[in-house]
Every structure is written in structure tokens, then in C-alpha cells.
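Worksheet: the structure to be examined is printed underneath.
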Amino acid sequence: MIQKKICILGAAGVGKTSLTARFVFSKFSDKYLSTMGVKIDRKQVEASGQVVNMMLWDIHGEEYKKIPTSYLRGASGIVTVIDGTRPNTVNVAHKILQRVNEELGTLPNIFLINKSDLEDDWNISDAMIQTLRDSGAPVYLTSAKSGDNVESSFLQLAEMLLNP
Amino acid sequence: MSNTDNNTLEEKQFSYKANEVVNTTDSDDNEKTMEQLRDLLFHEELSRIGNLEQQLNNLNISPETIAKVLAEAVRVRSEDNDDLANALSSTIENSVKSSVARNPQALSDALFPVMGPAIRKSINNAIESMLQSLNQTLEYGFSMQGLRWRFDAFRTKKSFAEIVLLNTLVYRVEQVFLIHKESGVLLHHCSFDNVKNEDADVVSGMLTAVQDFIKDSFSENSDQNVETLRLGNLEIIIQQSPDLVLALVNRGNAPRALYSSAVETLEGLQQQYFDALKSFNGDTSVFESTGPVLDQLMVVDYGSSGKKASLLKPILAVSFVFIAIFGWIAYDIYEENDSKARWNAYIDQLNVQPGIIIARHQVIDGIHTLTGLRDPLSVDPISLLAQHGLDDNDVSLLLQPYSAGQQDFILTRIKKLIQPPESVQLSFENSVLYLVGTAEPRWVEMAQYRAAFVDGVSSVDVSGINSLFERIKAALNPPATVTLTLTAESKVVAIGEATESWARDAAHNILQFTEVSDYNQQELVLVDSPEYLLQQAKELLTPPSEVKLSVTAEKILTAAGTAQEAWINEAHNKVKSITHLQGYDDSKLEAYKAAAVIPVDNDALILKRAIAYLVPPATTELTFAKGTLRSQGNASERWIRRALNNATKVEGVSKYDSDVKPLTDAQILAEAIKLLQPPASVTLTYKTGILSATGSATKDWINKAENEFVGVDSIHSFYTTNLTHPE
């Protein structure tokens with residue numbers, strides 16, 4: 001079986017934990033996130049005809065500077081989460097990725113712009129989304145609340161991991 | 001070579017020379033002569049070559065030929081490889097089959113010398129292991145320890161086997177995790193009961209994270225690693241190599257040897273899988289083969305099996321049975337003995353003692369052996385000997401301890417266990433324990449809990465217990481709105497709402513309890529005090545500023561001043577809902593003469609509402625006429641969108657006409673500069689929602705700006721990565 005470590009990153013409150021919970025059944029309580037700054041879940045998916053065990057490291061996003069390098073080490077892929085109602089989280093996402101690139105080199109990455117259900121408060125312009133696409137990573141508008149695009153985006157990442 | 005041979009050769013050479021002389025004269029005769037010469041010289045060799053040629057031409061190898069070389073050939077072939085054995089196996093199988101079919105006796109005779117010892121050995125093994133388990137059963141079944149464990153099993157509702165296991169287990173490695181160090185990915189996992197832990201991979205990740213967390217949080221030296229995590233009886237032994245982490249989940253006290261064998265295993269694996277680890281891409285199938293190596297770490301040590309291999313106890317136990325049987329016979333034989341009557345009387349007396357059961361009495365070599373059960377709380381059997389004129393040298397007591405069911409014993413045991421204070425009386429009837437008297441709730445709870453564990457007690461009745469607290473409650477009789485508490489320092493505190501009269505009575509009644517050190521009711525809200533009533537009235541009636549309310553000592557509410565007639569009427573009705581108020585006097589209230597002005601919902605008012613709701617920026621102007629709200633000027637795209645969505649939600653606005661242009665980049669930049677106040681060393685630029693800063697600034701300014709830039713509606717990102725700061 002193939003096992004891959006994936007880090008879920010992003011500013012505080014963008015919905016990393018909710019997205020992960022949407023995608024998997026959580027074993028550990030969210031308490032770990034506040035005490036240790038990390039919580040690990042697992043989801044088995046099939047990609048490119050192979051079974052892949054995605055080990056999802058949901059890492060506390062208080063401030064990008066505080067993410068311990070040890071939690072990032074050994075990661076095969078990154079999920080960068082952005083809050084669709086808070087443009088500054090795009091900024092934070094860029095900074096986090098820059099740091100990850102410095103520490104681990106370029107890794108397969110997907111951007112999830114979350115909270116797509118909050119249409120009234122949506123505050124990310126198409127131009128902004130384009131700047132994310134320009135980095136070469138796929139961008140998905142997701143909703144942890146409705147489940148829109150959650151499964152498909154993680155599956156896309158699994159495909160990217162197997163076909164680098 | 002012999003002399004005669006030498007002579008012959010000389011003759012041949014001579015004749016050859018003679019012929020050669022002739023040769024020159026007659027060439028026809030030459031051939032013939034050569035033939036003769038050849039025959040003379042090589043006769044023997046020629047006949048041998050002839051034989052060889054004949055053999056080669058006629059390749060029908062005779063059995064005789066093969067027989068000569070067969071054994072040697074088989075040996076040489078077998079040294080080379082196993083092909084011959086493979087080729088022959090089916091033939092041999094078939095020949096064995098046919099041999100057995102023809103005459104089984106021959107084969108069984110041949111095998112007997114081998115099979116005999118093998119079968120004997122196997123039977124011996126089976127008997128030995130059976131004896132061992134029998135010994136163990138006897139050892140634990142008959143010993144004091146065994147009885148205690150049986151009692152534990154009964155008490156804790158676990159199986160006897162489980163209790164034995166828990167008590168004899170020194171340590172057991174229950175799970176082994178082999179983890180890829182860098183990523184925390186689980187490479188292989190084994191567990192002692194071969195049950196697959198579905199979450200092993202998640203656990204492995206968390207183990208890695210926990211180690212990192214501990215290391216990052218507490219270790220000054222990055223070379224230090226977490227070696228042990230402990231939870232009660234369970235410990236996780238962690239060993240690390242450059243690419244691997246090995247975690248053993250162990251129950252009990254593992255010897256240091258386990259640590260070193262973990263290290264050795266890990267070093268071996270690191271070396272063996274060096275290449276696979278260097279090129280690890282998440283495929284764990286390579287590491288399946290580590291299973292047997294990891295299995296070797298799943299060690300179990302049952303301490304007593306080695307230590308207590310002595311057969312003494314089982315032999316003793318078996319001896320009891322035999323002695324008992326012989327004793328029974330002996331009893332009959334010694335019946336006629338003159339001391340028989342005394343012994344009988346003694347045993348009869350023992351048997352009527354509560355907590356003593358004599359099952360067997362036998363006499364061996366003049367020693368009376370009494371076998372049976374005795375509760376440790378019962379009377380000492382030795383002390384009764386003298387009454388019957390018997391000597392304690394003549395008696396041997398083999399009494400196993402047990403818990404007698406007599407009520408007295410049960411009560412004594414309970415008393416020992418719960419240690420009741422003097423104020424509590426215990427009684428025991430029909431397996432129910434009754435507690436009567438005064439005691440603290442904490443003790444009652446403990447007593448109830450512990451007494452339930454005593455054999456013979458089916459339930460504990462504490463209805464007869466009156467705690468100090470309950471007596472206080474009964475004496476003070478607080479209303480439902482009051483909460484009483486009794487602190488550990490014997491202070492009583494009353495909190496909540498009560499009437500003045502209750503508070504007065506309570507303060508008096510508490511005095512009868514000398515145990516109470518202090519009584520505090522300062523937190524009590526006195527719901528019928530004039531102050532409280534006035535406050536309630538003010539909250540309920542919300543009097544206009546021209547009206548003054550007051551409450552008299554007789555709890556009568558008076559209102560004086562001027563007010564709207566409607567308010568006066570309303571107050572008259574509302575005041576009835578205030579409980580504890582004895583009356584309402586509004587004779588000093590006067591009504592306004594003129595009617596109040598009712599404001600008209602005009603255009604100016606609607607515009608005000610719209611501005612308050614939509615909050616336009618300074619660059620935007622709103623106007624309102626004939627139900628239509630109009631906007632003009634410049635604003636952020638976000639505000640324009642929000643206004644379009646929300647304008648008609650303003651009460652009175654039926655249509656919204658937007659003529660607001662989005663802010664130009666220059667306007668947005670100006671707004672950002674105004675808000676962020678960048679120092680001269682910083683240049684701000686703005687484009688499509690992104691504000692960028694270049695130059696150099698203090699960290700403080702950068703932090704402040706990063707937090708505040710969201711104040712400008714149009715900016716959604718702020719890039720400061722090109723900024724340098726002097727520190």
C-alpha cells in the first residue's frame with residue numbers, strides 16, 4: 001500500500017479542521033489541535049488504480065511563523081486553505097507556501113478557497129483567484145458545510161502525488 | 001624394463017637399419033617391409049586401438065559398464081545440484097507406495113528404529129505439558145494465593161484465568177510499530193493477539209507528532225530523543241535510527257535487555273533496508289518482510305512459571321486428599337480409643353463456633369489432624385483445647401481461611417472496612433446493611449461504596465443517616481430560591497433570594513448547631529426589602545424623568561410628579577405583578593394636559609435610516625425622494641455590491657438607483673496611505689486588489705499595517721515580502 005503524508009495549512013479559522021472532518025472520520029479529538037498544534041487523520045482513496053492511504057496532518061494555523069518544521073517534514077503534498085470571505089487569508093496562504101518551499105522544496109499543492117456557501121460575504125475577486133492559479137496549483141472553491149468539491153479536490157491531490 | 005626386452009629392442013633397431021639398406025635397392029618391397037616393421041613395433045598398441053574403435057562404434061553401453069561408475073556418478077551429480085534428487089523423487093515415491101502395497105511389514109520394520117524414539121519423544125512432550133498445566137492448576141487452585149485470586153475473580157467479575165494472568169505477568173510487548181521517521185508513515189505493525197489495529201497508521205503519525213512536540217517543547221539539544229512514554233502500567237519504548245523509529249507498546253516492567261534488543265533490531269533493519277529507506281516514496285509493501293524480525297520483539301514473561309516450578313505445593317495439596325482418605329479409615333480404627341469422646345466433644349464445639357468448619361479429623365502417629373475452613377475473625381481453636389483436657393502438641397490444624405457468612409463476621413468485616421464514627425450505628429439483617437445516625441455525606445458515600453464489596457452484603461441502606469447538613473436544612477427550611485452550603489470549615493453559607501423574615505429566623509435557628517462555626521447570609525437578596533422593591537418597580541415601570549418613585553417602610557410604593565396618562569394607567573396595572581409590595585399610592589401623580597407629538601415618517605427620516613444602514617463612504621452621497629434612494633460618487637466595489645443587495649431592505653425605500661463609480665486605483669492608494677501612514681522609506685503601490693509595499697520599515701509598522709490594511713475595503717491582499725526592516 002502507498003502511504004503519503006499531507007499537510008493541511010492555512011490561516012486560523014479558514015476551515016482546515018472542518019474540511020478534513022468532511023473528508024474523513026476523525027479519530028482524535030480536536031483537543032490535540034489546541035494543545036499540540038497538530039491532529040492526524042487518515043483516508044484511504046483509490047487513485048490511478050492504486051490504493052493510497054492519505055495521512056492528513058491538520059496543522060494549527062495560528063500564525064504562519066509558528067508552524068514547527070518538524071510537523072512539515074516528510075510531507076508529500078500540501079493542501080492550502082483560504083477563507084473566501086477574508087482576502088487576507090490569501091496573503092497568509094502565499095506566505096505559508098513560501099515557507100514550505102524554503103523548508104521542503106516545491107511539493108504538489110492544491111488551494112481550497114473554503115466557505116463557498118457564504119455567497120453574500122464572498123470577498124475574493126476573480127483576479128485574486130487567477131494569481132493563485134498562476135502558481136501552477138489547482139484552485140477549488142469548497143464548502144465544508146455543504147461538502148461541495150471537498151472529496152474531488154482531495155482525490156485530485158492524490159492523483160498529483162502518484163503522477164508527479 | 002627387463003634385460004630380455006632391451007635385447008629385443010636392439011635386435012629390432014638392427015634389423016630396421018638392415019632393411020633401410022635394402023630399401024634403396026627395391027621400392028616395391030618397401031611397403032611390405034614397413035608393414036612388418038610397424039607390426040613388430042606397435043603390435044600391442046594396434047590391437048588395443050582396434051578394441052577401442054570397436055567399443056566406440058558399438059555404443060550399446062553395457063549394464064556392466066554403468067554398474068562400475070553408477071555410485072561415483074550419483075555422488076558427483078549430487079555435489080553439483082539437486083536436479084537428480086528432484087528427478088528421482090516421483091520415482092522413489094512410487095516405489096515406496098508399491099513397496100507398502102506389496103508388503104507393509106518390510107517398510108515398518110525398516111522404519112521402526114527411527115519411528116519408535118520419535119513417537120516416544122512426542123508422547124513424552126505431550127505428557128510433560130499436560131503435567132505442567134495440571135501442576136499449575138493444582139498450585140493456583142489449592143494455594144492461599146489461588147484462593148485469593150479466586151476471590152478476586154469473584155469480586156471483580158473477571159475470569160479466574162484472567163486474574164492468574166494479570167498476577168503472573170511480568171511484562172508483555174503488546175504492539176510493535178515500525179515507523180518512517182521523517183514522515184511518520186507506518187511501515188509495519190504487529191500486535192500480540194494478531195488483531196489488526198485499524199488505526200495503527202494514525203497512531204503512528206500521532207506518535208511521531210507527539211515526539212516532535214515534546215522535543216520542540218522541552219529539549220535544548222536536538223540530538224535528544226524521547227525514549228519512553230508511560231501511562232500507568234503501559235509504556236511505549238521508542239528507539240530511533242537515522243530513518244526509522246521503532247515503538248514497542250509494553251505492559252509491565254520491561255528489562256533493560258528489551259531496550260537493547262530493540263536497538264539491535266532497529267540497527268539491523270536500518271542496514272538491511274538502507275536503499276529502500278533512501279528512496280522511500282510511500283510504498284510500504286517492501287517492509288512487509290520485516291514482520292518476522294518484529295515478531296521476535298513481541299516478548300512475554302510470566303514471572304512465576306520459572307520461579308515457582310516447585311512441586312511442593314501441588315504435592316502437599318494432593319497429599320491432603322490422600323491423607324484425608326486414609327484419615328477417614330483411620331478414624332474408624334481409632335474409634336475405640338479412650339480419647340475419642342474428648343476429641344469428639346472438642347470437634348463438636350469447634351463446629352458450633354461461628355466461622356469454623358471441621359471437615360476431616362484423622363489421627364496419624366498420635367497427632368490429631370483437623371482439616372477444614374476457618375474465618376480469621378473466629379475464635380482461636382487452640383484456645384479451646386484446654387477445656388477438653390487436650391494438649392496442643394497432639395493437634396495439627398490444617399484450616400484454610402475463608403469468609404464466613406455469619407452476620408457477626410460480616411458486620412465486623414464491614415466495620416473494619418468503613419470505620420464508622422461513633423455517631424453511626426450499624427446493623428445487618430437479611431444481607432442488608434443499615435446505617436443509622438449522623439454522618440458527613442462524604443463518609444456516607446464512601447461507606448456505601450465500600451460496604452457493597454463485602455461478601456454477603458447485597459445492599460446498603462443509608463436512609464437512617466442524617467447528616468449535619470440535612471439537619472441544618474430541616475431546621476432552617478429554606479425556600480427553593482435559597483441555596484445552602486456547608487463548607488469543609490463547618491461554615492454555612494446561604495445564597496439566593498429570600499424574605500426578610502426567613503433571613504431573620506434562619507440567623508436565629510442556626511445558633512442551635514454548635515458544630516457550625518459561622519453563618520453567612522450577606523449574599524442573600526432580600527426580596528421584600530424596600531430597596532429591592534424600589535429597584536424592581538423602577539425596572540418594571542421605567543418611569544419618565546418627571547416621575548419620582550419611592551417605597552415606604554410599610555412596603556408601599558408611591559409615585560409623584562407628572563407623566564403621560566397612558567403611562568399612569570399602565571403603571572397602575574403593572575405594579576400588581578410585584579410580589580411582596582403591600583400597596584401603590586399614585587395620588588401625587590399628575591397627567592400631562594397636551595397630547596404627545598407623533599413623529600411623521602418623512603423623506604429626511606428615511607434617508608437618515610438608509611445612511612445608518614448602508615454606511616456610505618465619505619466619497620459617496622445618498623439622496624432620497626418619492627420612495628427612491630439614489631447614490632452618487634465613488635466607493636469600493638464591495639460597498640457598491642452591498643448597497644445593491646441591501647438598499648431596498650431599508651424601511652421606506654422601494655427603489656434603489658445606483659450611480660456610484662468604483663474607486664480608481666489612485667483613490668484606493670490614497671486611502672491606504674491615509675490609513676497606514678507609511679514612513680518615508682516605504683513606497684506603497686496598488687493594483688487589482690493587491691497593495692504592495694517596498695523599501696524598509698520597522699517590524700512594528702509592518703505588523704500594524706498587516707492588521708489594519710483591511711480597513712480599506714477594496715484591498716484584499718497586502719504584500720510585505722519585499723520590505724526589509726533594520727533589525
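The chains in the C-alpha cells are called A, B, ... from first to last as shown; in each chain the residues are counted from 1, and the ligands are counted from 1 in the order shown.
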Could you build a table of the residues in chain B lying no more than 7 Å from chain A, giving for each the nearest pair of atoms and their separation in Å rounded to one decimal place, using only C-alpha atoms, ordered by chain and ascending residue number, as JSON lines?
```
{"residue": "B:Glu182", "atom": "CA", "partner": "A:Gly74", "partner_atom": "CA", "distance": 4.7}
{"residue": "B:Ser183", "atom": "CA", "partner": "A:Gly74", "partner_atom": "CA", "distance": 3.9}
{"residue": "B:Val185", "atom": "CA", "partner": "A:Gln3", "partner_atom": "CA", "distance": 6.5}
{"residue": "B:Val202", "atom": "CA", "partner": "A:Asp41", "partner_atom": "CA", "distance": 6.1}
{"residue": "B:Gly205", "atom": "CA", "partner": "A:Ile40", "partner_atom": "CA", "distance": 6.6}
{"residue": "B:Met206", "atom": "CA", "partner": "A:Ile40", "partner_atom": "CA", "distance": 6.3}
{"residue": "B:Ala209", "atom": "CA", "partner": "A:Tyr71", "partner_atom": "CA", "distance": 6.7}
{"residue": "B:Asp212", "atom": "CA", "partner": "A:Ser70", "partner_atom": "CA", "distance": 6.2}
{"residue": "B:Phe213", "atom": "CA", "partner": "A:Met36", "partner_atom": "CA", "distance": 6.5}
{"residue": "B:Gly282", "atom": "CA", "partner": "A:Gln3", "partner_atom": "CA", "distance": 4.6}
{"residue": "B:Asp283", "atom": "CA", "partner": "A:Ile2", "partner_atom": "CA", "distance": 4.2}
{"residue": "B:Thr284", "atom": "CA", "partner": "A:Met1", "partner_atom": "CA", "distance": 5.7}
{"residue": "B:Ser285", "atom": "CA", "partner": "A:Met1", "partner_atom": "CA", "distance": 5.9}
{"residue": "B:Thr688", "atom": "CA", "partner": "A:Ala127", "partner_atom": "CA", "distance": 7.0}
{"residue": "B:His716", "atom": "CA", "partner": "A:Pro87", "partner_atom": "CA", "distance": 4.4}
{"residue": "B:Ser717", "atom": "CA", "partner": "A:Asn88", "partner_atom": "CA", "distance": 5.2}
{"residue": "B:Phe718", "atom": "CA", "partner": "A:Asn91", "partner_atom": "CA", "distance": 6.6}
```
Go ahead and write the selection's residues with C-alpha atoms as an mmCIF file, in the first residue's frame.
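File part-v1.cif, as written:
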```
data_model
loop_
_atom_site.group_PDB
_atom_site.id
_atom_site.type_symbol
_atom_site.label_atom_id
_atom_site.label_comp_id
_atom_site.auth_asym_id
_atom_site.auth_seq_id
_atom_site.Cartn_x
_atom_site.Cartn_y
_atom_site.Cartn_z
ATOM 1 C CA GLU B 182 10.646 11.677 8.555
ATOM 2 C CA SER B 183 7.011 11.351 7.519
ATOM 3 C CA VAL B 185 4.216 6.828 7.927
ATOM 4 C CA VAL B 202 -2.942 7.229 12.587
ATOM 5 C CA GLY B 205 1.568 9.556 12.917
ATOM 6 C CA MET B 206 0.487 10.892 16.271
ATOM 7 C CA ALA B 209 3.996 14.223 16.221
ATOM 8 C CA ASP B 212 8.353 16.160 17.827
ATOM 9 C CA PHE B 213 6.111 18.134 20.113
ATOM 10 C CA GLY B 282 5.240 5.933 0.452
ATOM 11 C CA ASP B 283 5.129 2.334 -0.789
ATOM 12 C CA THR B 284 5.169 0.232 2.375
ATOM 13 C CA SER B 285 4.929 -3.191 0.715
ATOM 14 C CA THR B 688 -6.207 44.836 -8.700
ATOM 15 C CA HIS B 716 -7.833 42.142 -0.259
ATOM 16 C CA SER B 717 -4.143 41.351 -0.034
ATOM 17 C CA PHE B 718 -1.130 43.171 1.285
#
```
Please identify which residues in region 66-151 of chain A DSSP calls helix (DSSP H, G or I) from the backbone, and express them as a PyMOL selection string.
-> chain A and resi 66+69-72+88-104+126-134+150-151
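Take CA of Gly291 (chain B) and CA of Leu269 (chain B): the distance between them is 11.1 Å.
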Near Ser146 (chain A), counting only C-alpha atoms, which residues have an atom at most 10 Å away, once you skip same-chain residues fewer than 6 positions from it, shown as a PDB file with C-alpha atoms, in the first residue's frame?
```pdb
ATOM      1  CA  ARG A  22     -15.776  16.461   5.990  1.00  0.00           C
ATOM      2  CA  LYS A 115     -16.842  28.754   2.735  1.00  0.00           C
ATOM      3  CA  SER A 116     -18.240  28.937  -0.807  1.00  0.00           C
ATOM      4  CA  ASP A 117     -21.689  28.669   0.766  1.00  0.00           C
TER       5      ASP A 117
END
```
Which neighbours of Ser241 (chain B) fall inside 8 Å, counting only C-alpha atoms, when residues of the same chain fewer than 6 positions from it are skipped, and could you give them as a list of chain:residue names?
-> B:Leu266, B:Glu267, B:Gln270
Residue subset to file, keeping C-alpha atoms, as a JSON list (two decimals), in the first residue's frame:
```
[["chain", "number", "residue", "atom", "x", "y", "z"],
["B", 266, "LEU", "CA", 16.50, -1.34, 14.59],
["B", 267, "GLU", "CA", 20.15, -1.19, 13.56],
["B", 270, "GLN", "CA", 18.26, 0.27, 9.06]]
```
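Residues with any atom within 10 Å of Ser153 (chain A), counting only C-alpha atoms and excluding same-chain neighbours fewer than 5 positions away, are Val79, Ile110, Phe111, Leu112, Pro138, Val139, Tyr140, Leu141, Thr142, Asp148, Ala158 and Glu159 of chain A.
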I need the residues from that last selection saved to file as a short mmCIF file (atom, residue, chain, number, x, y, z; two decimals), in the first residue's frame (with N, CA and C atoms), if you can.
```cif
data_model
loop_
_atom_site.label_atom_id
_atom_site.label_comp_id
_atom_site.auth_asym_id
_atom_site.auth_seq_id
_atom_site.Cartn_x
_atom_site.Cartn_y
_atom_site.Cartn_z
N VAL A 79 -2.12 20.89 1.25
CA VAL A 79 -3.43 21.47 0.96
C VAL A 79 -3.43 22.84 1.62
N ILE A 110 -2.61 21.95 -3.55
CA ILE A 110 -3.88 22.45 -4.08
C ILE A 110 -4.36 23.57 -3.17
N PHE A 111 -5.02 24.57 -3.77
CA PHE A 111 -5.64 25.64 -2.99
C PHE A 111 -7.11 25.34 -2.84
N LEU A 112 -7.61 25.40 -1.61
CA LEU A 112 -9.04 25.26 -1.39
C LEU A 112 -9.54 26.60 -0.85
N PRO A 138 -3.83 23.72 -8.72
CA PRO A 138 -5.27 23.81 -8.95
C PRO A 138 -5.96 24.56 -7.81
N VAL A 139 -7.01 25.27 -8.15
CA VAL A 139 -7.76 26.04 -7.14
C VAL A 139 -9.19 25.51 -7.12
N TYR A 140 -9.68 25.20 -5.92
CA TYR A 140 -11.07 24.73 -5.81
C TYR A 140 -11.84 25.64 -4.87
N LEU A 141 -13.12 25.90 -5.22
CA LEU A 141 -13.99 26.59 -4.27
C LEU A 141 -14.73 25.50 -3.51
N THR A 142 -14.52 25.43 -2.22
CA THR A 142 -15.09 24.33 -1.45
C THR A 142 -16.02 24.86 -0.38
N ASP A 148 -19.38 20.59 -0.88
CA ASP A 148 -19.07 20.85 -2.28
C ASP A 148 -17.56 20.76 -2.54
N ALA A 158 -4.45 13.41 -4.56
CA ALA A 158 -3.92 12.04 -4.55
C ALA A 158 -3.37 11.68 -5.94
N GLU A 159 -4.12 12.07 -6.99
CA GLU A 159 -3.65 11.81 -8.36
C GLU A 159 -2.31 12.52 -8.60
#
```
Tell me, as a list in words, which residues lie within 10 Å of Ser654 (chain B), counting only C-alpha atoms; anything in the same chain fewer than 6 positions away does not count.
-> Lys626, Gly627, Thr628, Leu629, Ala647 and Thr648 of chain B
Would you kindly return, as a ChimeraX atom specification, each protein, DNA or RNA residue with an atom no farther than 7 Å from any atom of Leu370 (chain B), considering only C-alpha atoms and excluding same-chain residues fewer than 4 positions away?
-> /B:358,360-362,396-398
Just the selected residues (C-alpha atoms), exported as a PDB file, in the first residue's frame, please.
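Produced file out07.pdb, reproduced below:
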```pdb
ATOM      1  CA  ILE B 358     -14.060 -29.009  60.534  1.00  0.00           C
ATOM      2  CA  ARG B 360     -11.961 -34.058  58.478  1.00  0.00           C
ATOM      3  CA  HIS B 361     -10.401 -35.416  61.601  1.00  0.00           C
ATOM      4  CA  GLN B 362      -7.750 -38.054  61.404  1.00  0.00           C
ATOM      5  CA  SER B 396      -2.282 -30.198  63.870  1.00  0.00           C
ATOM      6  CA  LEU B 397      -4.693 -27.723  62.357  1.00  0.00           C
ATOM      7  CA  LEU B 398      -4.946 -27.541  58.598  1.00  0.00           C
TER       8      LEU B 398
END
```
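Counting only C-alpha atoms, the residue from B:Lys655, B:Arg148, B:Lys32, B:Arg251 that sits nearest to Val173 (chain B) is B:Arg251.
Here CA of Asn344 (chain B) and CA of Gln407 (chain B) stand 26.8 Å from one another.
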Residue list (strand (DSSP E), DSSP) for region 479-566 of chain B, as JSON, numbers by chain | {"B": [482, 483, 484, 485, 486, 491, 492, 493, 494, 495, 496, 497, 498, 518, 519, 520, 524, 525, 526, 547, 548, 549, 550, 551, 556, 557, 558, 559, 560, 561, 562, 563]}
Using N, CA and C atoms, can you export the residues from the last selection as a CSV table (one decimal), in the first residue's frame?
```
chain,number,residue,atom,x,y,z
B,482,VAL,N,-33.4,29.6,47.8
B,482,VAL,CA,-32.2,29.7,48.6
B,482,VAL,C,-31.3,28.5,48.5
B,483,THR,N,-30.0,28.7,48.3
B,483,THR,CA,-29.1,27.5,48.3
B,483,THR,C,-28.2,27.6,49.5
B,484,LEU,N,-28.3,26.5,50.3
B,484,LEU,CA,-27.4,26.4,51.5
B,484,LEU,C,-26.2,25.6,51.2
B,485,THR,N,-25.0,26.0,51.7
B,485,THR,CA,-23.9,25.1,51.5
B,485,THR,C,-23.2,25.1,52.9
B,486,LEU,N,-22.6,23.9,53.1
B,486,LEU,CA,-21.8,23.6,54.3
B,486,LEU,C,-20.4,23.4,53.9
B,491,LYS,N,-18.6,26.0,57.9
B,491,LYS,CA,-19.3,27.3,57.8
B,491,LYS,C,-20.6,27.0,56.9
B,492,VAL,N,-21.7,27.7,57.3
B,492,VAL,CA,-22.9,27.6,56.5
B,492,VAL,C,-23.1,28.9,55.7
B,493,VAL,N,-23.3,28.8,54.4
B,493,VAL,CA,-23.5,30.0,53.6
B,493,VAL,C,-24.8,29.9,52.9
B,494,ALA,N,-25.6,31.0,53.0
B,494,ALA,CA,-26.9,31.0,52.3
B,494,ALA,C,-26.8,32.0,51.1
B,495,ILE,N,-27.2,31.5,49.9
B,495,ILE,CA,-27.2,32.4,48.8
B,495,ILE,C,-28.5,32.2,48.1
B,496,GLY,N,-29.0,33.3,47.5
B,496,GLY,CA,-30.2,33.3,46.7
B,496,GLY,C,-31.2,34.4,47.1
B,497,GLU,N,-32.5,34.1,47.0
B,497,GLU,CA,-33.5,35.1,47.3
B,497,GLU,C,-34.4,34.6,48.4
B,498,ALA,N,-34.6,35.5,49.4
B,498,ALA,CA,-35.5,35.1,50.5
B,498,ALA,C,-36.2,36.3,51.1
B,518,ASP,N,-19.7,29.3,61.6
B,518,ASP,CA,-20.0,30.6,61.1
B,518,ASP,C,-21.2,30.5,60.2
B,519,TYR,N,-22.0,31.5,60.2
B,519,TYR,CA,-23.2,31.6,59.3
B,519,TYR,C,-23.2,32.9,58.5
B,520,ASN,N,-23.3,32.7,57.2
B,520,ASN,CA,-23.1,33.9,56.3
B,520,ASN,C,-24.3,34.0,55.4
B,524,LEU,N,-27.4,37.0,50.4
B,524,LEU,CA,-28.8,36.8,50.2
B,524,LEU,C,-29.5,38.0,49.7
B,525,VAL,N,-30.4,37.9,48.7
B,525,VAL,CA,-31.1,39.0,48.2
B,525,VAL,C,-32.5,39.0,49.0
B,526,LEU,N,-32.7,40.1,49.7
B,526,LEU,CA,-34.0,40.1,50.5
B,526,LEU,C,-35.1,40.7,49.6
B,547,VAL,N,-41.1,61.7,36.9
B,547,VAL,CA,-41.8,60.9,38.0
B,547,VAL,C,-40.8,60.4,39.0
B,548,LYS,N,-41.1,60.6,40.3
B,548,LYS,CA,-40.2,60.1,41.3
B,548,LYS,C,-40.9,58.9,42.1
B,549,LEU,N,-40.2,57.8,42.2
B,549,LEU,CA,-40.8,56.6,42.9
B,549,LEU,C,-40.1,56.4,44.2
B,550,SER,N,-40.9,56.0,45.2
B,550,SER,CA,-40.2,55.6,46.5
B,550,SER,C,-41.0,54.5,47.2
B,551,VAL,N,-40.4,53.8,48.1
B,551,VAL,CA,-41.0,52.7,48.8
B,551,VAL,C,-40.9,53.0,50.3
B,556,ILE,N,-45.0,50.2,50.8
B,556,ILE,CA,-46.0,50.8,49.9
B,556,ILE,C,-45.2,51.7,48.9
B,557,LEU,N,-45.5,51.5,47.6
B,557,LEU,CA,-44.9,52.2,46.5
B,557,LEU,C,-45.6,53.5,46.3
B,558,THR,N,-44.9,54.7,46.3
B,558,THR,CA,-45.5,55.9,46.0
B,558,THR,C,-44.9,56.5,44.8
B,559,ALA,N,-45.7,57.1,43.9
B,559,ALA,CA,-45.2,57.8,42.7
B,559,ALA,C,-45.7,59.2,42.7
B,560,ALA,N,-44.8,60.2,42.4
B,560,ALA,CA,-45.1,61.6,42.4
B,560,ALA,C,-44.5,62.3,41.2
B,561,GLY,N,-45.2,63.3,40.7
B,561,GLY,CA,-44.7,64.1,39.5
B,561,GLY,C,-45.7,64.1,38.4
B,562,THR,N,-45.3,64.3,37.2
B,562,THR,CA,-46.2,64.4,36.0
B,562,THR,C,-45.8,63.3,35.0
B,563,ALA,N,-46.8,62.8,34.3
B,563,ALA,CA,-46.5,61.7,33.3
B,563,ALA,C,-47.6,61.6,32.3
```
Work out how far apart CA of Ser383 (chain B) and CA of Thr369 (chain B) are and give it in Å to one decimal.
-> 16.1 Å
